[in-house]
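Okay, structure first, notes after.
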Amino acid sequence: MKQFKLNVDNPDMDLINKAIDILKDDGVILYPTDTIYGLGANIFSEKGVRRVYKIKQRSFKKPLSVSVSNFEGLSLIADISEENKKIMENYLPGPYTFLLKKRDIVPPLVTSYTSKVGVRIPDNTISRLLSMNFPITTTSANISDEEVLTNPEKIVKQLKGDVDLIMDIGPIKSSTPSTIIDLTKEKASLVRKGKSSK
């Protein structure tokens, strides 16, 4: 298990690229978002995605959200109407997850074989850089139904050290996950009230 210490506002690109190489090679990383630390795997790596479920002890019936770096990446994995794009542009990048109709490119395992995908563009430079080549999973870095911790060392201890890399920016102040909004129906609906920027 490797550990990189990074400056959240000005991360070392050599370290970012090494992390991306790990993700390309079926790796799982612990990385910071604008809400909490997340577990990241390349969504196109079945082995990596399965490892995320295993590390979290999470049911395969519970989908994983996906982090992308920009709206171009978002359009790759989800169908976005002009109306929904305007809504999302008001909130992203930011601490929000939007449920959208997924595109066929998204592996069924990621979304628990449902037609929806939860997408994020975090207001966090490291998160966005990690997903600049391919989308990555974004799910709280904890054992399912256990406490969400904010200190990377304590998180790794809870996860029994099963990650390949720790992207360490120190403790995160918040333990509140993102707010989830469903845009798959005619009217937007709040699924989970979490952290918000507005």
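Labels for the structure tokens follow display order: chains A, B, ..., residues from 1 in each chain, ligands from 1.
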Find the residues near Gly118 of chain A: any atom within 6 Å, counting only C-alpha atoms, skip ones fewer than 6 places away on the same chain, and give them as a PDB file with C-alpha atoms, in the first residue's frame.
```pdb
ATOM      1  CA  SER A  65     -21.875   6.659  -7.787  1.00  0.00           C
ATOM      2  CA  THR A  97     -24.853  13.635  -6.813  1.00  0.00           C
ATOM      3  CA  PHE A  98     -27.395  13.663  -9.638  1.00  0.00           C
ATOM      4  CA  LEU A  99     -29.282  10.536 -10.679  1.00  0.00           C
TER       5      LEU A  99
END
```
Quick one: residues within 7 Å of Asp164 of chain A, only C-alpha atoms counted, chain neighbours fewer than 5 positions away excluded, as a count of residues only?
5
For segment 138-153 of chain A, find every residue with an atom within 9 Å (counting only C-alpha atoms), except residues of its own chain fewer than 4 positions away, and show them as a ChimeraX atom specification.
/A:30-31,33,36-41,52,55-59,64-67,119-120,157-159,166-177
Neighbouring residues of Ser81 of chain A were defined as those with any atom within 12 Å, considering only C-alpha atoms; residues of the same chain fewer than 2 positions away were excluded. Please report them as an mmCIF file with C-alpha atoms, in the first residue's frame.
```
data_model
loop_
_atom_site.group_PDB
_atom_site.id
_atom_site.type_symbol
_atom_site.label_atom_id
_atom_site.label_comp_id
_atom_site.auth_asym_id
_atom_site.auth_seq_id
_atom_site.Cartn_x
_atom_site.Cartn_y
_atom_site.Cartn_z
ATOM 1 C CA LEU A 74 -20.697 13.318 -17.641
ATOM 2 C CA SER A 75 -22.271 13.169 -21.101
ATOM 3 C CA ALA A 78 -25.429 9.630 -18.812
ATOM 4 C CA ASP A 79 -28.239 11.039 -20.921
ATOM 5 C CA GLU A 83 -33.123 21.361 -19.089
ATOM 6 C CA ASN A 84 -31.291 19.064 -16.679
ATOM 7 C CA LYS A 85 -27.922 20.364 -17.819
ATOM 8 C CA LYS A 86 -28.988 23.898 -16.923
ATOM 9 C CA ILE A 87 -30.043 22.698 -13.468
ATOM 10 C CA MET A 88 -26.766 20.864 -12.917
ATOM 11 C CA LEU A 100 -29.627 10.334 -14.457
ATOM 12 C CA LYS A 101 -30.481 7.719 -17.064
ATOM 13 C CA LEU A 183 -33.432 13.969 -12.338
ATOM 14 C CA THR A 184 -34.809 10.860 -14.051
ATOM 15 C CA LYS A 185 -38.451 11.884 -13.703
ATOM 16 C CA GLU A 186 -40.426 14.911 -14.846
#
```
Using only C-alpha atoms for the distances, tell me which of A:Leu129, A:Pro122, A:Pro63, A:Phe134 is nearest to Leu15 of chain A.
A:Leu129
According to DSSP computed on the backbone, where in chain A is there strand (DSSP E or B)? Give the residues as a VMD selection string.
chain A and resid 2 to 5 29 to 32 37 to 40 42 65 to 67 78 to 79 96 to 102 116 to 120 136 to 140 165 to 168 178 to 182 189 to 192 195
Would you mind exporting N, CA and C atoms of the selected residues as a CSV table (one decimal), in the first residue's frame?
```csv
chain,number,residue,atom,x,y,z
A,2,LYS,N,0.6,2.1,-0.9
A,2,LYS,CA,1.4,3.4,-1.1
A,2,LYS,C,0.6,4.5,-0.4
A,3,GLN,N,1.3,5.6,-0.1
A,3,GLN,CA,0.7,6.8,0.5
A,3,GLN,C,1.3,8.0,-0.1
A,4,PHE,N,0.5,8.9,-0.7
A,4,PHE,CA,0.9,10.1,-1.3
A,4,PHE,C,0.3,11.3,-0.5
A,5,LYS,N,1.2,12.2,0.0
A,5,LYS,CA,0.7,13.4,0.6
A,5,LYS,C,0.6,14.5,-0.4
A,29,ILE,N,-8.2,3.1,-4.8
A,29,ILE,CA,-7.5,4.2,-4.1
A,29,ILE,C,-8.4,4.8,-3.1
A,30,LEU,N,-7.8,5.4,-2.1
A,30,LEU,CA,-8.6,6.2,-1.1
A,30,LEU,C,-8.2,7.7,-1.5
A,31,TYR,N,-9.2,8.5,-1.8
A,31,TYR,CA,-8.9,9.8,-2.3
A,31,TYR,C,-9.9,10.8,-1.7
A,32,PRO,N,-9.5,12.1,-1.6
A,32,PRO,CA,-10.4,13.1,-1.1
A,32,PRO,C,-11.4,13.7,-2.1
A,37,TYR,N,-13.7,11.4,2.2
A,37,TYR,CA,-12.8,10.6,1.5
A,37,TYR,C,-13.7,9.5,0.8
A,38,GLY,N,-13.2,9.2,-0.4
A,38,GLY,CA,-14.0,8.2,-1.2
A,38,GLY,C,-13.1,7.0,-1.6
A,39,LEU,N,-13.7,6.0,-2.1
A,39,LEU,CA,-13.0,4.8,-2.6
A,39,LEU,C,-13.2,4.9,-4.2
A,40,GLY,N,-12.0,4.9,-4.8
A,40,GLY,CA,-12.0,5.0,-6.3
A,40,GLY,C,-11.5,3.8,-7.0
A,42,ASN,N,-11.4,2.5,-11.4
A,42,ASN,CA,-11.8,2.7,-12.8
A,42,ASN,C,-13.2,2.0,-13.0
A,65,SER,N,-21.9,5.4,-7.0
A,65,SER,CA,-21.9,6.7,-7.8
A,65,SER,C,-20.6,6.8,-8.6
A,66,VAL,N,-20.6,7.7,-9.5
A,66,VAL,CA,-19.5,7.8,-10.5
A,66,VAL,C,-19.0,9.3,-10.5
A,67,SER,N,-17.7,9.5,-10.4
A,67,SER,CA,-17.1,10.8,-10.4
A,67,SER,C,-16.5,11.1,-11.8
A,78,ALA,N,-24.0,9.4,-19.1
A,78,ALA,CA,-25.4,9.6,-18.8
A,78,ALA,C,-26.1,10.5,-19.9
A,79,ASP,N,-27.4,10.2,-20.0
A,79,ASP,CA,-28.2,11.0,-20.9
A,79,ASP,C,-28.6,12.3,-20.2
A,96,TYR,N,-22.8,17.6,-4.8
A,96,TYR,CA,-24.1,17.0,-5.2
A,96,TYR,C,-23.9,15.8,-6.1
A,97,THR,N,-24.8,14.8,-5.9
A,97,THR,CA,-24.9,13.6,-6.8
A,97,THR,C,-26.2,13.7,-7.5
A,98,PHE,N,-26.2,13.6,-8.9
A,98,PHE,CA,-27.4,13.7,-9.6
A,98,PHE,C,-27.7,12.3,-10.2
A,99,LEU,N,-28.9,11.8,-10.1
A,99,LEU,CA,-29.3,10.5,-10.7
A,99,LEU,C,-29.8,10.8,-12.1
A,100,LEU,N,-29.2,10.2,-13.1
A,100,LEU,CA,-29.6,10.3,-14.5
A,100,LEU,C,-29.8,9.0,-15.1
A,101,LYS,N,-30.4,9.0,-16.3
A,101,LYS,CA,-30.5,7.7,-17.1
A,101,LYS,C,-29.1,7.4,-17.6
A,102,LYS,N,-28.6,6.2,-17.4
A,102,LYS,CA,-27.2,5.9,-17.7
A,102,LYS,C,-27.2,5.5,-19.2
A,116,LYS,N,-30.3,3.7,-13.9
A,116,LYS,CA,-29.8,5.0,-13.4
A,116,LYS,C,-28.4,5.0,-13.0
A,117,VAL,N,-27.7,6.1,-13.1
A,117,VAL,CA,-26.4,6.3,-12.6
A,117,VAL,C,-26.3,7.6,-11.8
A,118,GLY,N,-25.6,7.5,-10.7
A,118,GLY,CA,-25.4,8.7,-9.9
A,118,GLY,C,-24.1,9.3,-10.3
A,119,VAL,N,-24.1,10.6,-10.7
A,119,VAL,CA,-22.9,11.2,-11.2
A,119,VAL,C,-22.5,12.4,-10.3
A,120,ARG,N,-21.2,12.6,-10.2
A,120,ARG,CA,-20.7,13.8,-9.5
A,120,ARG,C,-19.6,14.4,-10.3
A,136,ILE,N,-14.4,7.4,-12.4
A,136,ILE,CA,-14.1,6.5,-11.3
A,136,ILE,C,-15.2,6.4,-10.3
A,137,THR,N,-15.2,5.4,-9.6
A,137,THR,CA,-16.3,5.2,-8.5
A,137,THR,C,-16.0,6.3,-7.5
A,138,THR,N,-17.1,6.7,-6.9
A,138,THR,CA,-17.1,7.6,-5.7
A,138,THR,C,-18.1,7.2,-4.7
A,139,THR,N,-17.6,6.6,-3.6
A,139,THR,CA,-18.5,6.1,-2.6
A,139,THR,C,-17.7,6.2,-1.3
A,140,SER,N,-18.4,6.5,-0.2
A,140,SER,CA,-17.8,6.8,1.1
A,140,SER,C,-16.8,5.7,1.5
A,165,LEU,N,-3.6,2.5,-2.6
A,165,LEU,CA,-3.0,3.9,-2.5
A,165,LEU,C,-3.9,4.8,-1.6
A,166,ILE,N,-3.2,5.6,-0.8
A,166,ILE,CA,-3.9,6.6,0.0
A,166,ILE,C,-3.5,8.0,-0.6
A,167,MET,N,-4.4,8.7,-1.0
A,167,MET,CA,-4.2,10.1,-1.5
A,167,MET,C,-4.5,11.0,-0.3
A,168,ASP,N,-3.5,11.4,0.5
A,168,ASP,CA,-3.6,12.0,1.8
A,168,ASP,C,-3.5,13.5,1.8
A,178,SER,N,-22.5,13.8,0.0
A,178,SER,CA,-23.2,14.7,-0.9
A,178,SER,C,-24.7,14.6,-0.8
A,179,THR,N,-25.3,15.7,-1.3
A,179,THR,CA,-26.8,15.7,-1.5
A,179,THR,C,-27.1,15.0,-2.8
A,180,ILE,N,-28.1,14.1,-2.8
A,180,ILE,CA,-28.5,13.3,-3.9
A,180,ILE,C,-29.8,13.8,-4.5
A,181,ILE,N,-29.9,14.2,-5.8
A,181,ILE,CA,-31.1,14.7,-6.5
A,181,ILE,C,-31.3,13.8,-7.7
A,182,ASP,N,-32.6,13.3,-7.8
A,182,ASP,CA,-33.0,12.4,-8.9
A,182,ASP,C,-33.6,13.3,-10.0
A,189,SER,N,-36.4,15.4,-7.7
A,189,SER,CA,-36.7,15.1,-6.3
A,189,SER,C,-35.5,14.9,-5.5
A,190,LEU,N,-35.6,15.2,-4.2
A,190,LEU,CA,-34.5,15.1,-3.3
A,190,LEU,C,-34.5,13.6,-2.7
A,191,VAL,N,-33.4,12.9,-2.9
A,191,VAL,CA,-33.2,11.6,-2.4
A,191,VAL,C,-32.5,11.5,-1.1
A,192,ARG,N,-31.5,12.3,-0.9
A,192,ARG,CA,-30.8,12.4,0.4
A,192,ARG,C,-30.3,13.8,0.6
A,195,LYS,N,-24.4,17.3,2.3
A,195,LYS,CA,-23.7,18.6,2.2
A,195,LYS,C,-24.2,19.4,1.0
```
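Separating atom CA of Lys54 of chain A from atom CA of Leu76 of chain A is a distance of 26.7 Å.
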I'd like a table as CSV: residues in segment 124-179 of chain A with an atom no more than 9 Å from segment 8-12 of chain A, each row giving the shortest atom pair and its distance in Å to one decimal, only C-alpha atoms counted, sorted by chain and rising residue number.
```
residue,atom,partner,partner_atom,distance
A:Asn124,CA,A:Val8,CA,7.4
A:Thr125,CA,A:Asp9,CA,6.5
A:Ile126,CA,A:Val8,CA,6.5
A:Ile169,CA,A:Val8,CA,6.2
```
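Counting only C-alpha atoms, the residue from A:Val68, A:Ala19, A:Ser131, A:Asp162 that sits nearest to Arg51 of chain A is A:Asp162.
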